[in-house]
Every structure is written in C-alpha cells, then in structure tokens.
file run-v9.cif (mmCIF, C-alpha atoms)
data_final
loop_
_atom_site.label_atom_id
_atom_site.label_comp_id
_atom_site.auth_asym_id
_atom_site.auth_seq_id
_atom_site.Cartn_x
_atom_site.Cartn_y
_atom_site.Cartn_z
CA MET A 13 0.00 0.00 0.00
CA THR A 14 1.23 3.47 -0.85
CA VAL A 15 0.85 6.09 1.90
CA ARG A 16 -0.41 9.35 0.43
CA GLU A 17 -0.09 12.85 1.80
CA GLY A 18 -3.30 13.88 3.55
CA SER A 19 -4.62 10.34 3.95
CA LEU A 20 -3.54 7.09 5.56
CA GLU A 21 -6.13 5.14 3.57
CA ALA A 22 -5.34 3.18 0.44
CA PRO A 23 -6.19 5.00 -2.80
CA THR A 24 -9.50 4.08 -4.34
CA ARG A 25 -11.20 4.61 -7.68
CA HIS A 26 -14.69 5.95 -8.30
CA SER A 27 -16.90 4.51 -11.01
CA ILE A 28 -17.01 6.40 -14.31
CA GLU A 29 -20.46 7.97 -14.63
CA TRP A 30 -20.45 8.05 -18.41
CA LYS A 31 -24.13 7.15 -18.69
CA SER A 32 -25.15 10.43 -17.02
CA ASP A 33 -25.89 13.62 -18.98
CA ALA A 34 -23.55 15.60 -16.72
CA TYR A 35 -20.57 13.56 -17.91
CA TRP A 36 -20.98 14.93 -21.44
CA ASP A 37 -21.57 18.58 -20.51
CA GLN A 38 -18.73 20.64 -22.02
CA ALA A 39 -19.02 23.52 -19.53
CA ALA A 40 -18.90 21.12 -16.58
CA LEU A 41 -15.93 19.33 -18.13
CA ASP A 42 -14.04 22.60 -18.66
CA LYS A 43 -14.70 23.59 -15.06
CA GLU A 44 -13.33 20.29 -13.77
CA LEU A 45 -10.31 20.49 -16.09
CA GLU A 46 -9.55 23.97 -14.76
CA ARG A 47 -9.90 22.76 -11.15
CA VAL A 48 -7.58 19.80 -11.66
CA PHE A 49 -5.08 21.75 -13.76
CA GLU A 50 -4.88 24.32 -10.97
CA ILE A 51 -3.98 21.60 -8.48
CA CYS A 52 -1.42 20.08 -10.84
CA HIS A 53 0.11 23.49 -11.57
CA GLY A 54 0.59 24.08 -7.86
CA CYS A 55 2.13 20.65 -7.29
CA ARG A 56 4.17 19.78 -10.42
CA ARG A 57 5.18 16.43 -8.95
CA CYS A 58 4.39 14.57 -12.19
CA VAL A 59 6.47 16.77 -14.50
CA SER A 60 8.80 13.93 -15.50
CA LEU A 61 6.17 11.26 -16.21
CA CYS A 62 4.94 12.09 -19.70
CA GLY A 63 4.25 14.97 -22.07
CA ALA A 64 0.89 15.98 -20.58
CA PHE A 65 2.27 17.73 -17.53
CA PRO A 66 5.10 19.71 -19.19
CA THR A 67 2.58 20.78 -21.83
CA LEU A 68 0.23 22.03 -19.12
CA PHE A 69 2.95 23.83 -17.19
CA ASP A 70 4.31 25.51 -20.33
CA LEU A 71 0.81 26.74 -21.20
CA VAL A 72 0.49 28.22 -17.71
CA ASP A 73 3.97 29.73 -17.55
CA GLU A 74 3.72 31.27 -21.01
CA GLY A 75 0.20 32.63 -20.45
CA PRO A 76 -0.58 36.26 -19.62
CA THR A 77 -1.33 35.61 -15.91
CA GLY A 78 1.08 32.81 -15.08
CA GLU A 79 -1.91 30.89 -13.73
CA VAL A 80 -4.39 28.41 -15.20
CA ASP A 81 -6.97 31.17 -15.72
CA GLY A 82 -4.68 32.57 -18.42
CA VAL A 83 -4.81 29.40 -20.50
CA PRO A 84 -7.50 29.43 -23.23
CA LYS A 85 -9.83 26.50 -22.76
CA ALA A 86 -9.33 25.57 -26.40
CA ARG A 87 -5.72 24.75 -25.47
CA TYR A 88 -6.77 22.20 -22.86
CA LYS A 89 -6.86 19.68 -25.68
CA ASP A 90 -3.09 20.04 -26.06
CA VAL A 91 -2.75 18.49 -22.61
CA VAL A 92 -5.40 15.84 -23.23
CA ASP A 93 -3.74 14.70 -26.46
CA GLN A 94 -0.48 14.04 -24.62
CA CYS A 95 -2.14 11.63 -22.18
CA TYR A 96 -2.16 7.98 -23.23
CA LEU A 97 -3.89 6.69 -20.07
CA CYS A 98 -0.90 4.87 -18.59
CA ASP A 99 -2.31 5.61 -15.09
CA MET A 100 1.12 6.16 -13.58
CA CYS A 101 0.34 9.65 -12.26
CA TYR A 102 -2.59 8.19 -10.32
CA MET A 103 -0.74 5.11 -9.12
CA SER A 104 2.70 6.39 -8.24
CA LYS A 105 2.84 10.17 -7.92
CA CYS A 106 -0.37 12.03 -7.13
CA PRO A 107 -0.98 12.69 -3.40
CA TYR A 108 -4.52 13.96 -4.04
CA VAL A 109 -6.29 10.85 -5.34
CA PRO A 110 -9.43 9.70 -3.51
CA PRO A 111 -10.10 9.37 -0.62
CA HIS A 112 -8.29 12.75 -0.44
CA PRO A 113 -11.03 15.43 -0.46
CA TRP A 114 -9.60 16.97 -3.63
CA ASN A 115 -10.64 13.75 -5.39
CA LEU A 116 -8.18 13.99 -8.27
CA ASP A 117 -8.17 11.27 -10.94
CA PHE A 118 -6.15 12.78 -13.78
CA PRO A 119 -6.27 9.77 -16.18
CA HIS A 120 -10.02 9.36 -15.97
CA LEU A 121 -10.52 13.09 -16.40
CA MET A 122 -8.42 12.85 -19.56
CA LEU A 123 -10.60 9.89 -20.62
CA ARG A 124 -13.70 12.03 -20.11
CA ALA A 125 -12.21 14.83 -22.21
CA LYS A 126 -11.32 12.36 -24.96
CA ALA A 127 -14.83 10.88 -24.82
CA VAL A 128 -16.56 14.25 -25.03
CA HIS A 129 -14.37 15.25 -27.96
CA PHE A 130 -14.99 11.92 -29.71
CA ARG A 131 -18.76 12.20 -29.32
CA LYS A 132 -18.74 15.75 -30.72
CA HIS A 133 -16.11 15.47 -33.43
CA GLY A 134 -15.30 11.79 -33.91
CA ALA A 135 -11.71 10.72 -34.47
CA LYS A 136 -9.28 10.83 -37.33
CA ALA A 137 -9.86 8.10 -39.90
CA THR A 138 -6.45 6.68 -39.04
CA ASP A 139 -7.32 6.37 -35.36
CA ARG A 140 -10.68 4.79 -36.11
CA PHE A 141 -9.02 2.24 -38.39
CA MET A 142 -6.00 1.48 -36.19
CA THR A 143 -8.17 0.96 -33.10
CA SER A 144 -10.52 -1.39 -34.96
CA THR A 145 -8.17 -4.28 -34.30
CA ASP A 146 -10.52 -7.03 -35.46
CA THR A 147 -11.05 -5.23 -38.77
CA VAL A 148 -7.31 -4.69 -39.22
CA GLY A 149 -6.74 -8.32 -38.19
CA MET A 150 -8.72 -9.59 -41.17
CA PHE A 151 -5.46 -9.32 -43.11
CA ALA A 152 -3.84 -11.91 -40.83
CA GLY A 153 -4.08 -15.64 -41.43
CA ILE A 154 -3.90 -15.60 -45.24
CA PRO A 155 -0.25 -16.36 -46.10
CA ILE A 156 0.02 -14.67 -49.49
CA VAL A 157 -1.87 -11.60 -48.23
CA THR A 158 0.19 -11.25 -45.06
CA GLN A 159 3.44 -11.70 -46.96
CA THR A 160 2.46 -8.94 -49.37
CA ILE A 161 1.24 -6.53 -46.69
CA ASN A 162 4.27 -7.13 -44.48
CA ALA A 163 6.64 -6.57 -47.40
CA VAL A 164 4.89 -3.33 -48.33
CA ASN A 165 4.87 -2.24 -44.68
CA ARG A 166 8.65 -2.69 -44.51
CA SER A 167 9.38 -0.66 -47.63
CA ALA A 168 10.62 2.91 -47.27
CA PRO A 169 8.28 4.39 -49.94
CA ALA A 170 5.22 2.80 -48.32
CA ARG A 171 6.25 4.04 -44.90
CA ALA A 172 6.73 7.55 -46.26
CA ALA A 173 3.30 7.40 -47.88
CA MET A 174 1.66 6.21 -44.66
CA GLU A 175 3.31 9.05 -42.79
CA ASN A 176 2.06 11.63 -45.28
CA VAL A 177 -1.44 10.22 -45.66
CA LEU A 178 -2.18 8.54 -42.32
CA GLY A 179 0.15 10.37 -39.98
CA ILE A 180 1.95 7.19 -38.90
CA GLU A 181 5.61 7.96 -38.18
CA ARG A 182 7.72 6.27 -40.84
CA GLY A 183 10.45 5.34 -38.37
CA ALA A 184 8.18 3.87 -35.69
CA TRP A 185 8.15 0.14 -35.05
CA ARG A 186 4.88 -1.48 -36.01
CA PRO A 187 3.77 -5.12 -35.81
CA GLU A 188 3.54 -7.46 -38.75
CA PHE A 189 0.65 -9.81 -39.47
CA ALA A 190 0.96 -13.52 -38.76
CA PRO A 191 0.48 -15.97 -41.65
CA ARG A 192 -1.77 -18.03 -39.38
CA LYS A 193 -3.92 -16.75 -36.54
CA PHE A 194 -3.49 -18.15 -33.05
CA ARG A 195 -7.16 -19.07 -32.68
CA SER A 196 -7.23 -20.92 -36.00
CA LYS A 197 -4.65 -23.40 -34.73
CA ALA A 198 -5.05 -23.49 -30.94
CA ARG A 199 -7.43 -26.01 -29.42
CA SER A 200 -8.95 -26.25 -25.95
CA ASN A 201 -7.82 -29.00 -23.59
CA PRO A 202 -10.42 -29.18 -20.82
CA LYS A 203 -9.27 -32.50 -19.28
CA ARG A 204 -9.32 -31.94 -15.53
CA PRO A 205 -6.70 -33.63 -13.31
CA VAL A 206 -7.06 -33.55 -9.53
CA HIS A 207 -4.32 -31.88 -7.48
CA ASP A 208 -3.96 -32.09 -3.73
CA GLY A 209 -3.46 -28.75 -1.98
CA GLU A 210 -4.97 -26.74 -4.82
CA ARG A 211 -6.13 -23.28 -3.74
CA THR A 212 -5.84 -21.42 -7.03
CA PRO A 213 -8.35 -22.15 -9.82
CA GLY A 214 -7.33 -25.45 -11.37
CA ARG A 215 -8.30 -24.56 -14.92
CA VAL A 216 -7.73 -21.57 -17.18
CA ALA A 217 -9.78 -19.71 -19.76
CA VAL A 218 -7.39 -18.19 -22.28
CA PHE A 219 -8.42 -14.83 -23.73
CA ALA A 220 -6.16 -14.73 -26.78
CA THR A 221 -6.10 -10.91 -27.35
CA CYS A 222 -5.95 -9.26 -30.75
CA TYR A 223 -2.18 -8.92 -30.69
CA VAL A 224 -1.51 -12.58 -30.00
CA ASN A 225 -4.21 -13.74 -32.41
CA TYR A 226 -3.22 -11.56 -35.35
CA ASN A 227 0.42 -10.57 -34.85
CA GLU A 228 2.45 -12.90 -32.62
CA PRO A 229 0.55 -16.16 -32.13
CA GLY A 230 3.69 -17.80 -30.81
CA ILE A 231 3.13 -16.11 -27.45
CA GLY A 232 -0.27 -17.79 -27.16
CA HIS A 233 1.14 -21.19 -28.13
CA ASP A 234 3.92 -20.73 -25.56
CA LEU A 235 1.30 -20.05 -22.87
CA ILE A 236 -0.62 -23.17 -23.83
CA ALA A 237 2.57 -25.24 -23.80
CA ILE A 238 3.29 -24.05 -20.24
CA LEU A 239 -0.26 -24.90 -19.13
CA GLU A 240 -0.02 -28.37 -20.69
CA HIS A 241 3.39 -28.99 -19.15
CA ASN A 242 1.90 -28.18 -15.76
CA GLU A 243 -1.21 -30.29 -16.43
CA ILE A 244 -3.53 -27.30 -16.20
CA PRO A 245 -6.64 -27.66 -18.40
CA TYR A 246 -7.64 -24.67 -20.49
CA MET A 247 -10.44 -23.40 -22.67
CA LEU A 248 -10.55 -20.84 -25.48
CA LEU A 249 -13.58 -18.63 -26.00
CA GLU A 250 -15.97 -19.75 -28.74
CA LYS A 251 -15.85 -16.24 -30.17
CA GLU A 252 -13.59 -13.39 -29.21
CA ALA A 253 -13.48 -9.66 -29.95
CA CYS A 254 -11.07 -6.93 -28.95
CA CYS A 255 -11.02 -6.17 -25.21
CA GLY A 256 -11.81 -2.52 -26.02
CA MET A 257 -8.65 -0.84 -24.72
CA PRO A 258 -7.74 0.74 -28.10
CA LYS A 259 -11.23 2.25 -28.35
CA LEU A 260 -11.03 3.45 -24.75
CA GLU A 261 -7.81 5.29 -25.54
CA ILE A 262 -9.53 7.44 -28.18
CA GLY A 263 -12.63 7.99 -26.03
CA ASP A 264 -14.99 5.80 -28.09
CA LEU A 265 -16.96 4.47 -25.12
CA ASP A 266 -19.92 3.26 -27.19
CA SER A 267 -17.60 0.89 -29.07
CA VAL A 268 -16.13 -0.24 -25.74
CA GLU A 269 -19.64 -1.23 -24.66
CA GLN A 270 -20.31 -3.08 -27.91
CA LEU A 271 -17.13 -5.13 -27.49
CA LYS A 272 -17.96 -5.76 -23.84
CA ASN A 273 -21.30 -7.20 -24.89
CA ILE A 274 -19.53 -9.76 -27.10
CA ASN A 275 -16.86 -10.91 -24.65
CA VAL A 276 -18.23 -10.56 -21.15
CA PRO A 277 -21.17 -13.03 -21.30
CA GLN A 278 -18.80 -15.83 -22.36
CA LEU A 279 -16.13 -14.86 -19.84
CA ALA A 280 -18.68 -14.53 -17.04
CA ARG A 281 -19.95 -18.05 -17.68
CA LEU A 282 -16.41 -19.43 -17.47
CA ALA A 283 -15.71 -17.34 -14.37
CA ARG A 284 -18.74 -18.80 -12.62
CA GLU A 285 -17.60 -22.30 -13.62
CA GLY A 286 -14.39 -21.71 -11.68
CA TYR A 287 -11.95 -20.82 -14.44
CA ALA A 288 -9.10 -18.38 -13.97
CA ILE A 289 -9.23 -16.02 -16.96
CA VAL A 290 -5.77 -15.24 -18.31
CA THR A 291 -4.47 -12.98 -21.06
CA SER A 292 -0.84 -12.50 -22.02
CA ILE A 293 -1.21 -8.77 -22.76
CA PRO A 294 -1.41 -6.58 -19.61
CA SER A 295 -3.58 -3.89 -21.20
CA CYS A 296 -6.26 -6.49 -21.92
CA THR A 297 -6.03 -7.88 -18.39
CA LEU A 298 -6.33 -4.34 -17.00
CA MET A 299 -9.37 -3.67 -19.16
CA TYR A 300 -11.26 -6.46 -17.42
CA LYS A 301 -9.76 -5.91 -13.98
CA GLN A 302 -10.28 -2.13 -13.81
CA GLU A 303 -11.69 -0.15 -16.71
CA LEU A 304 -14.80 -2.18 -17.55
CA PRO A 305 -15.74 -2.63 -13.87
CA LEU A 306 -15.52 1.17 -13.41
CA LEU A 307 -17.49 1.84 -16.60
CA PHE A 308 -20.16 -0.76 -15.75
CA PRO A 309 -20.22 -0.95 -11.95
CA ASP A 310 -23.73 -2.42 -11.81
CA ASP A 311 -23.13 -5.18 -14.37
CA ALA A 312 -22.89 -8.45 -12.40
CA ASP A 313 -21.21 -10.25 -15.30
CA VAL A 314 -18.49 -7.60 -15.57
CA GLN A 315 -17.83 -7.84 -11.85
CA ALA A 316 -17.67 -11.65 -12.03
CA VAL A 317 -15.07 -11.42 -14.80
CA LYS A 318 -13.09 -8.89 -12.78
CA ARG A 319 -12.84 -11.33 -9.87
CA ALA A 320 -11.71 -14.15 -12.17
CA MET A 321 -9.06 -12.20 -14.14
CA TRP A 322 -5.40 -13.07 -13.59
CA ASP A 323 -2.19 -11.82 -15.06
CA PRO A 324 -0.46 -15.00 -16.35
CA PHE A 325 2.49 -14.64 -13.99
CA GLU A 326 0.23 -13.76 -11.10
CA TYR A 327 -1.45 -17.11 -11.78
CA LEU A 328 1.75 -19.11 -12.26
CA VAL A 329 3.34 -17.71 -9.11
CA ALA A 330 0.18 -18.55 -7.15
CA ARG A 331 0.38 -22.12 -8.48
CA HIS A 332 4.00 -22.23 -7.40
CA LYS A 333 3.03 -21.17 -3.87
CA ASP A 334 0.49 -24.00 -3.90
CA GLY A 335 3.35 -26.36 -4.76
CA LEU A 336 1.74 -27.15 -8.11
CA LEU A 337 4.07 -25.47 -10.60
CA LYS A 338 6.73 -27.68 -12.12
CA THR A 339 10.23 -26.25 -11.73
CA ASP A 340 12.02 -28.73 -13.99
CA PHE A 341 13.65 -25.92 -15.95
CA LYS A 342 16.39 -27.19 -18.24
CA LYS A 343 17.86 -24.22 -20.08
CA PRO A 344 19.56 -21.16 -18.52
CA LEU A 345 18.73 -17.85 -20.17
CA GLY A 346 21.81 -15.83 -19.26
CA THR A 347 20.92 -12.20 -18.60
CA VAL A 348 17.37 -10.96 -19.09
CA SER A 349 16.58 -7.24 -19.08
CA TYR A 350 12.96 -7.28 -18.00
CA HIS A 351 10.65 -4.26 -18.29
CA VAL A 352 7.60 -3.86 -16.04
CA PRO A 353 4.94 -2.16 -18.22
CA CYS A 354 2.63 0.53 -16.84
CA HIS A 355 -0.53 -1.53 -17.33
CA GLY A 356 1.10 -4.33 -15.38
CA ARG A 357 2.02 -2.03 -12.50
CA VAL A 358 -1.50 -0.61 -12.32
CA GLN A 359 -2.86 -4.08 -11.49
CA ASN A 360 -1.24 -3.85 -8.03
CA ILE A 361 -0.06 -7.45 -8.02
CA GLY A 362 3.64 -6.82 -7.42
CA ARG A 363 6.48 -8.01 -9.64
CA LYS A 364 5.13 -11.48 -10.34
CA THR A 365 6.92 -11.87 -13.67
CA GLU A 366 10.24 -10.98 -12.07
CA GLU A 367 9.50 -13.40 -9.24
CA LEU A 368 9.05 -16.30 -11.63
CA LEU A 369 11.95 -15.37 -13.90
CA LYS A 370 14.22 -15.46 -10.84
CA LEU A 371 13.30 -19.13 -10.37
CA LEU A 372 14.98 -19.97 -13.68
CA PRO A 373 18.45 -21.55 -13.32
CA GLN A 374 21.56 -19.56 -14.20
CA THR A 375 19.44 -16.60 -15.19
CA LYS A 376 20.19 -13.04 -14.09
CA VAL A 377 17.24 -10.64 -14.18
CA ASN A 378 17.75 -6.90 -14.63
CA THR A 379 14.38 -5.32 -13.85
CA VAL A 380 13.44 -1.85 -15.12
CA GLU A 381 10.22 -0.35 -13.78
CA ARG A 382 9.48 2.79 -15.78
CA CYS A 383 7.25 3.77 -18.69
CA SER A 384 8.70 2.85 -22.08
CA GLY A 385 6.65 5.53 -23.85
CA HIS A 386 5.06 3.25 -26.46
CA SER A 387 1.44 3.23 -25.29
CA GLY A 388 -0.36 1.52 -28.14
CA ILE A 389 -0.91 3.55 -31.30
CA TRP A 390 -0.06 6.85 -29.56
CA GLY A 391 3.68 6.34 -29.93
CA THR A 392 3.41 5.51 -33.63
CA ARG A 393 1.78 8.81 -34.55
CA LYS A 394 4.01 11.32 -36.29
CA GLU A 395 3.20 14.12 -33.81
CA PHE A 396 3.95 11.98 -30.74
CA HIS A 397 6.68 9.53 -31.75
CA ALA A 398 9.56 11.80 -30.75
CA MET A 399 7.97 12.25 -27.30
CA ALA A 400 7.49 8.47 -27.02
CA MET A 401 11.20 7.96 -27.64
CA LYS A 402 12.13 10.72 -25.20
CA ILE A 403 9.98 9.20 -22.45
CA GLY A 404 11.52 5.79 -23.08
CA LYS A 405 15.17 6.87 -23.23
CA PRO A 406 15.96 6.09 -19.54
CA VAL A 407 14.40 2.64 -20.05
CA PHE A 408 16.44 2.00 -23.20
CA LYS A 409 19.68 2.85 -21.41
CA SER A 410 18.86 0.83 -18.29
CA MET A 411 17.85 -2.21 -20.32
CA ALA A 412 20.95 -2.07 -22.52
CA GLY A 413 23.33 -1.40 -19.64
CA ALA A 414 23.05 -5.00 -18.39
CA GLN A 415 24.25 -6.26 -21.80
CA PRO A 416 21.38 -8.76 -21.86
CA ASP A 417 20.86 -11.90 -23.87
CA TYR A 418 17.13 -11.16 -23.90
CA VAL A 419 15.03 -8.00 -23.76
CA SER A 420 11.59 -8.75 -22.40
CA SER A 421 8.39 -6.99 -21.36
CA ASP A 422 4.94 -8.33 -20.49
CA CYS A 423 3.75 -5.77 -23.07
CA GLN A 424 5.21 -7.09 -26.31
CA LEU A 425 4.60 -3.74 -28.03
CA ALA A 426 6.80 -2.12 -25.39
CA GLY A 427 9.41 -4.84 -25.90
CA HIS A 428 9.76 -4.00 -29.59
CA HIS A 429 9.68 -0.27 -28.86
CA ILE A 430 12.52 -0.76 -26.36
CA GLU A 431 14.46 -2.78 -28.93
CA GLN A 432 14.15 0.10 -31.39
CA GLY A 433 15.04 2.63 -28.70
CA ILE A 434 18.18 0.72 -27.75
CA GLU A 435 19.27 0.64 -31.38
CA ARG A 436 18.84 4.40 -31.64
CA HIS A 437 19.95 5.64 -28.25
CA ALA A 438 21.87 2.98 -26.31
CA ALA A 439 23.48 0.55 -28.74
CA GLU A 440 26.96 1.32 -27.42
CA ALA A 441 25.97 0.07 -23.97
CA LEU A 442 25.36 -3.44 -25.35
CA GLY A 443 29.07 -4.02 -25.80
CA GLY A 444 28.51 -5.58 -29.20
CA LYS A 445 25.75 -7.96 -28.09
CA LYS A 446 22.49 -8.31 -30.02
CA PRO A 447 19.80 -9.29 -27.52
CA GLU A 448 16.68 -11.12 -28.62
CA VAL A 449 13.25 -9.69 -27.88
CA ALA A 450 11.05 -12.32 -26.26
CA HIS A 451 7.88 -12.17 -24.19
CA PRO A 452 8.34 -13.46 -20.61
CA ILE A 453 5.94 -16.34 -21.37
CA THR A 454 8.23 -17.33 -24.24
CA LEU A 455 11.24 -17.18 -21.92
CA VAL A 456 9.59 -19.57 -19.48
CA ARG A 457 8.85 -22.04 -22.28
CA ILE A 458 12.46 -21.80 -23.46
CA ALA A 459 13.64 -22.47 -19.91
CA TYR A 460 11.38 -25.52 -19.65
CA GLY A 461 12.84 -26.83 -22.90
CA ILE A 462 9.40 -27.74 -24.25
#

call {"tool": "encode", "arguments": {"input": "run-v9.cif", "output": "structure tokens"}}
result
Amino acid sequence: MTVREGSLEAPTRHSIEWKSDAYWDQAALDKELERVFEICHGCRRCVSLCGAFPTLFDLVDEGPTGEVDGVPKARYKDVVDQCYLCDMCYMSKCPYVPPHPWNLDFPHLMLRAKAVHFRKHGAKATDRFMTSTDTVGMFAGIPIVTQTINAVNRSAPARAAMENVLGIERGAWRPEFAPRKFRSKARSNPKRPVHDGERTPGRVAVFATCYVNYNEPGIGHDLIAILEHNEIPYMLLEKEACCGMPKLEIGDLDSVEQLKNINVPQLARLAREGYAIVTSIPSCTLMYKQELPLLFPDDADVQAVKRAMWDPFEYLVARHKDGLLKTDFKKPLGTVSYHVPCHGRVQNIGRKTEELLKLLPQTKVNTVERCSGHSGIWGTRKEFHAMAMKIGKPVFKSMAGAQPDYVSSDCQLAGHHIEQGIERHAAEALGGKKPEVAHPITLVRIAYGI
C-alpha cells in the first residue's frame, strides 16, 4: 500500500459515470479540467512522467497571468492529447487521489475529455481504423496476403506514404501480421486432473487478445505449452473480440460497450464455472480488472469477470506457492533485461513476472520499472513519436546497460519499442551484443525446454 499525503487510507477509484448527462456537458468538463489543472500546476510532482504535464505547465507559464486562468480552454486539448492513459500519475505520484477530499483522478478526467471530444467530433480516420483491431486483423491468417502486406509495410516508400497520408511515423516500429492466426490453430484441452493442496483455480480460460491472435501467435502457443506442461486444463472462448482498450484510448466508449457485450457473457460463464481467466497482454487484463468494472459498476457479469481475471504470472506464481508449478527448468537464459509495463504495474499485483523469472536456473534478471513511452498507437503517430522515444530513453539505457541476452516486457509492443530505442539511443551500452526480444511467457517455455 502506498501512503499518500493527507490520507492514511489506500487509494481508491470511483466509477465512471459516463451514462449520465452531466458527464458529457462541455461547460462542466471545462470547469473540472480547470480545477484539476490548478492543483497540478501548484504541485508539479508529475512533471517527469509524460508529455501531458510539461505541456500544461508551459501553457500556464507562457500565459498572460502565469496561472491556469490565463490558459484558453481551447488549449486544454493540447494536454489531453499528450495523455495515453498509462495511469502512472494516479498510481505512483499524485498525493490527491481519492479518498483525499480533492478527489483527483487525472487519467479518468483525460478519458472524459477524450470521450466528449470523440462524441462531438469523432476521431481521425487513421485512429478509427488502427483501433478497430478485429477489422485490421482480417489481413492476418492468409499467407500470401500477409506476406504482401508485411513486405509493403517494410518498404521505405510505403512508410513515407503512410506518414504523409495517415500520420503514422515512418520510423516507428509497427507489428507485422501472422500468416496463421493463433485461434485458427489453438485447441482447448479441458481434461481436468485432480491436485492435492490446490487453492488457485485449477483450470484456465485463455483470452487470446488481438495482438496474440493476429500478430504474434507464438506467445499464445507458448502459454498453452506451459499450461499443458503443468497439467492445467484450459479453454478458449468460442468467439472473441477486442477487449476494447484501443477504443477506450480514443474515447470511443460506445464501441467499448459493444465489445464488452460480445466478450463478457462468455467470460462470465467461465468465471462462474471456476476458471481463472488469463491474457498474455497486460492492457487487456487491466481492461477487465479495472476499466470495464468502473465503466459498468452495476453489471454483475463484468464484476464476475473482474474477480476471475489473472495476469499469467500472477497465476503461475500462485500455483508455485500451492506447490503445483513444475520447476524442472532445463535451459539457462543468461541475462534478461525485463521491463515492467505501466498496465502491469496498475494491477497492483507486485512483480510477479520478475519473481518467476528469478526461479529460472543460471538466469540473471535486470528489472526496469518505468514507462517505455510506447502506449499503443499513440507512440506511432508522427506528432507523438519523438515524445514516445524521449519518455523511453531512460528505459532504453537501463535495459541495454546490463548487456542482456534477452530483452523482455509483459507488453510485447513495449518490448519491440525498447528494442528500437536501444538501437537508436543505447546501442553502445550493449558491448557488441544483439539481444533477442522475447515475451516473458516465451522465456519460461524456453527455460522448460518444451
């Protein structure tokens, strides 16, 4: 528990009242933005976290009064656009979060501002397309199509065209499509063994996630291999849609609800049957653990899913504490530079991935707990990519400084972003080594030798 100034109680989160008319009132929103910006201006504790706070403070300092009242309300959007909802200001810096009477929740205020803007003006065509992950994912799974798209995506002329037309930074890392989707190959294995001393759920529902299904299915197959090795039965959803996090990040709350209505009934049924629900992407886990429960506080199914959601390493470490995780690891990994992503930290589960990686034989773990700056599509946009790299620079240097054999993050997008950042800003620290980027789940499978 973090002790906050002005309160000895643990921080809490209020539900998001987006179904009320007051939530969408522009005048009320501007008033709340001004109130919160005034508090932040007087504190400035979060100045080093991201671009939102320096942007705000520059607007204040360069204004005619030197106070928030001198900032035109039309410029508030400059601050909102810099926020990518990492939640780190709320979780690690702000002393005024509830139950403090000032009741400051900066990320969810930014979400409200994004939502109001989206409802009034919509989003750029690029953002609508890039956040429609299931639509984009249609290109995956067809070998000749994926080969062609991936080749075009790698070409310099195509990247320049996408920057000019779509606003996607030509130099930013972006994922490729898989020639075969995870869900087209993976199969459920519900056979249920009996284990003495079992306290954790003895079976797992695997929520594949868009990224694993369409871009890197190997991560999903590695997770299944670990479950099978440990004789843990698992089920895949009959039908799966995006968790909704990309739509949340642009303020499209109606689309978030539509996606919730596809996924949650299935997940709730599995939760009530005693399954632990696991995803290998922390943003998706967080969506079900925090964001959907706050958006739909009265939905019993959403709350049931929340209680059943586990980070994969949270689950595996719990199995280990029950004496039910096999530790017959065969292959040492050398040095692993492991990055704790923001959406993993927000779950308040501790460093479970690090804890398990430290069980691996002859493996040294260099843990870096700081925002990498990638943040989904935000860091790929032309106007924000330079800021994303600036935010991540301390991470790049810390990860490279250990001269690792592997670079790893629970957020695979962050892992690739860090790889690119090391190449640009910290290659000399590697001492000539070329580390491999691998998800922590993949590292565990490698260590098992399966």

call {"tool": "closest_residue", "arguments": {"input": "run-v9.cif", "among": "A:Val72, A:Met100, A:Ala39, A:Ala217", "to": "Arg57 of chain A", "atoms": "only C-alpha atoms"}}
result
A:Met100

call {"tool": "closest_residue", "arguments": {"input": "run-v9.cif", "among": "A:Arg363, A:Lys259, A:His129, A:Arg281", "to": "Val317 of chain A", "atoms": "only C-alpha atoms"}}
result
A:Arg281

call {"tool": "atom_distance", "arguments": {"input": "run-v9.cif", "atom1": "atom CA of His386 of chain A", "atom2": "atom CA of Ser144 of chain A"}}
result
18.3 Å

call {"tool": "atom_distance", "arguments": {"input": "run-v9.cif", "atom1": "atom CA of Ala316 of chain A", "atom2": "atom CA of Gln302 of chain A"}}
result
12.2 Å

call {"tool": "axis_aligned_box", "arguments": {"input": "run-v9.cif", "around": "segment 311-317 of chain A", "padding_each_side": "8 Å", "output": "JSON"}}
result
{"center_x": -19.1, "center_y": -8.4, "center_z": -13.7, "size_x": 24.1, "size_y": 22.5, "size_z": 19.7}

call {"tool": "resolve_selection", "arguments": {"input": "run-v9.cif", "expression": "the PyMOL selection byres ((chain A and resi 372-383) around 10)", "output": "number ranges by chain"}}
result
A: 61-62, 98, 100, 339-355, 357, 363, 365-371, 384-387, 400, 403-408, 410-421, 426, 455-456, 459-460

call {"tool": "resolve_selection", "arguments": {"input": "run-v9.cif", "expression": "the PyMOL selection byres ((chain A and resi 239) around 12)", "output": "ChimeraX atom specification"}}
result
/A:200-203,214-218,232-238,240-247,290,324-325,327-328,331,336-338,453,456-457,460,462

call {"tool": "resolve_selection", "arguments": {"input": "run-v9.cif", "expression": "the PyMOL selection byres ((chain A and resi 226) around 9)", "output": "list of chain:residue names"}}
result
A:Thr145, A:Asp146, A:Val148, A:Gly149, A:Met150, A:Phe151, A:Ala152, A:Gly153, A:Glu188, A:Phe189, A:Ala190, A:Pro191, A:Arg192, A:Lys193, A:Phe194, A:Arg195, A:Thr221, A:Cys222, A:Tyr223, A:Val224, A:Asn225, A:Asn227, A:Glu228, A:Pro229

call {"tool": "closest_residue", "arguments": {"input": "run-v9.cif", "among": "A:Asp70, A:Trp30, A:Arg211, A:Leu121", "to": "Val268 of chain A", "atoms": "all atoms listed in the file"}}
result
A:Trp30

call {"tool": "residues_near_point", "arguments": {"input": "run-v9.cif", "point": "(2.1, 18.9, -32.1)", "cutoff": "9 Å", "atoms": "all atoms listed in the file", "output": "number ranges by chain"}}
result
A: 90, 394-396

call {"tool": "closest_atom_pairs", "arguments": {"input": "run-v9.cif", "of": "segment 219-328 of chain A", "to": "segment 20-27 of chain A", "cutoff": "8 Å", "atoms": "all atoms listed in the file", "output": "JSON lines"}}
result
{"residue": "A:Pro305", "atom": "CA", "partner": "A:Ser27", "partner_atom": "CA", "distance": 7.8}
{"residue": "A:Leu306", "atom": "CA", "partner": "A:Ser27", "partner_atom": "CA", "distance": 4.3}
{"residue": "A:Leu307", "atom": "CA", "partner": "A:Ser27", "partner_atom": "CA", "distance": 6.2}
{"residue": "A:Phe308", "atom": "CA", "partner": "A:Ser27", "partner_atom": "CA", "distance": 7.8}
{"residue": "A:Pro309", "atom": "CA", "partner": "A:Ser27", "partner_atom": "CA", "distance": 6.5}

call {"tool": "write_last_selection", "arguments": {"input": "run-v9.cif", "atoms": "C-alpha atoms", "output": "CSV table (one decimal), in the frame of the given file"}}
result
chain,number,residue,atom,x,y,z
A,305,PRO,CA,-15.7,-2.6,-13.9
A,306,LEU,CA,-15.5,1.2,-13.4
A,307,LEU,CA,-17.5,1.8,-16.6
A,308,PHE,CA,-20.2,-0.8,-15.8
A,309,PRO,CA,-20.2,-1.0,-12.0

call {"tool": "closest_residue", "arguments": {"input": "run-v9.cif", "among": "A:Cys255, A:Leu279, A:Leu68, A:Ile262", "to": "Arg140 of chain A", "atoms": "all atoms listed in the file"}}
result
A:Ile262

call {"tool": "atom_distance", "arguments": {"input": "run-v9.cif", "atom1": "atom CA of Phe65 of chain A", "atom2": "atom CA of Ile51 of chain A"}}
result
11.7 Å
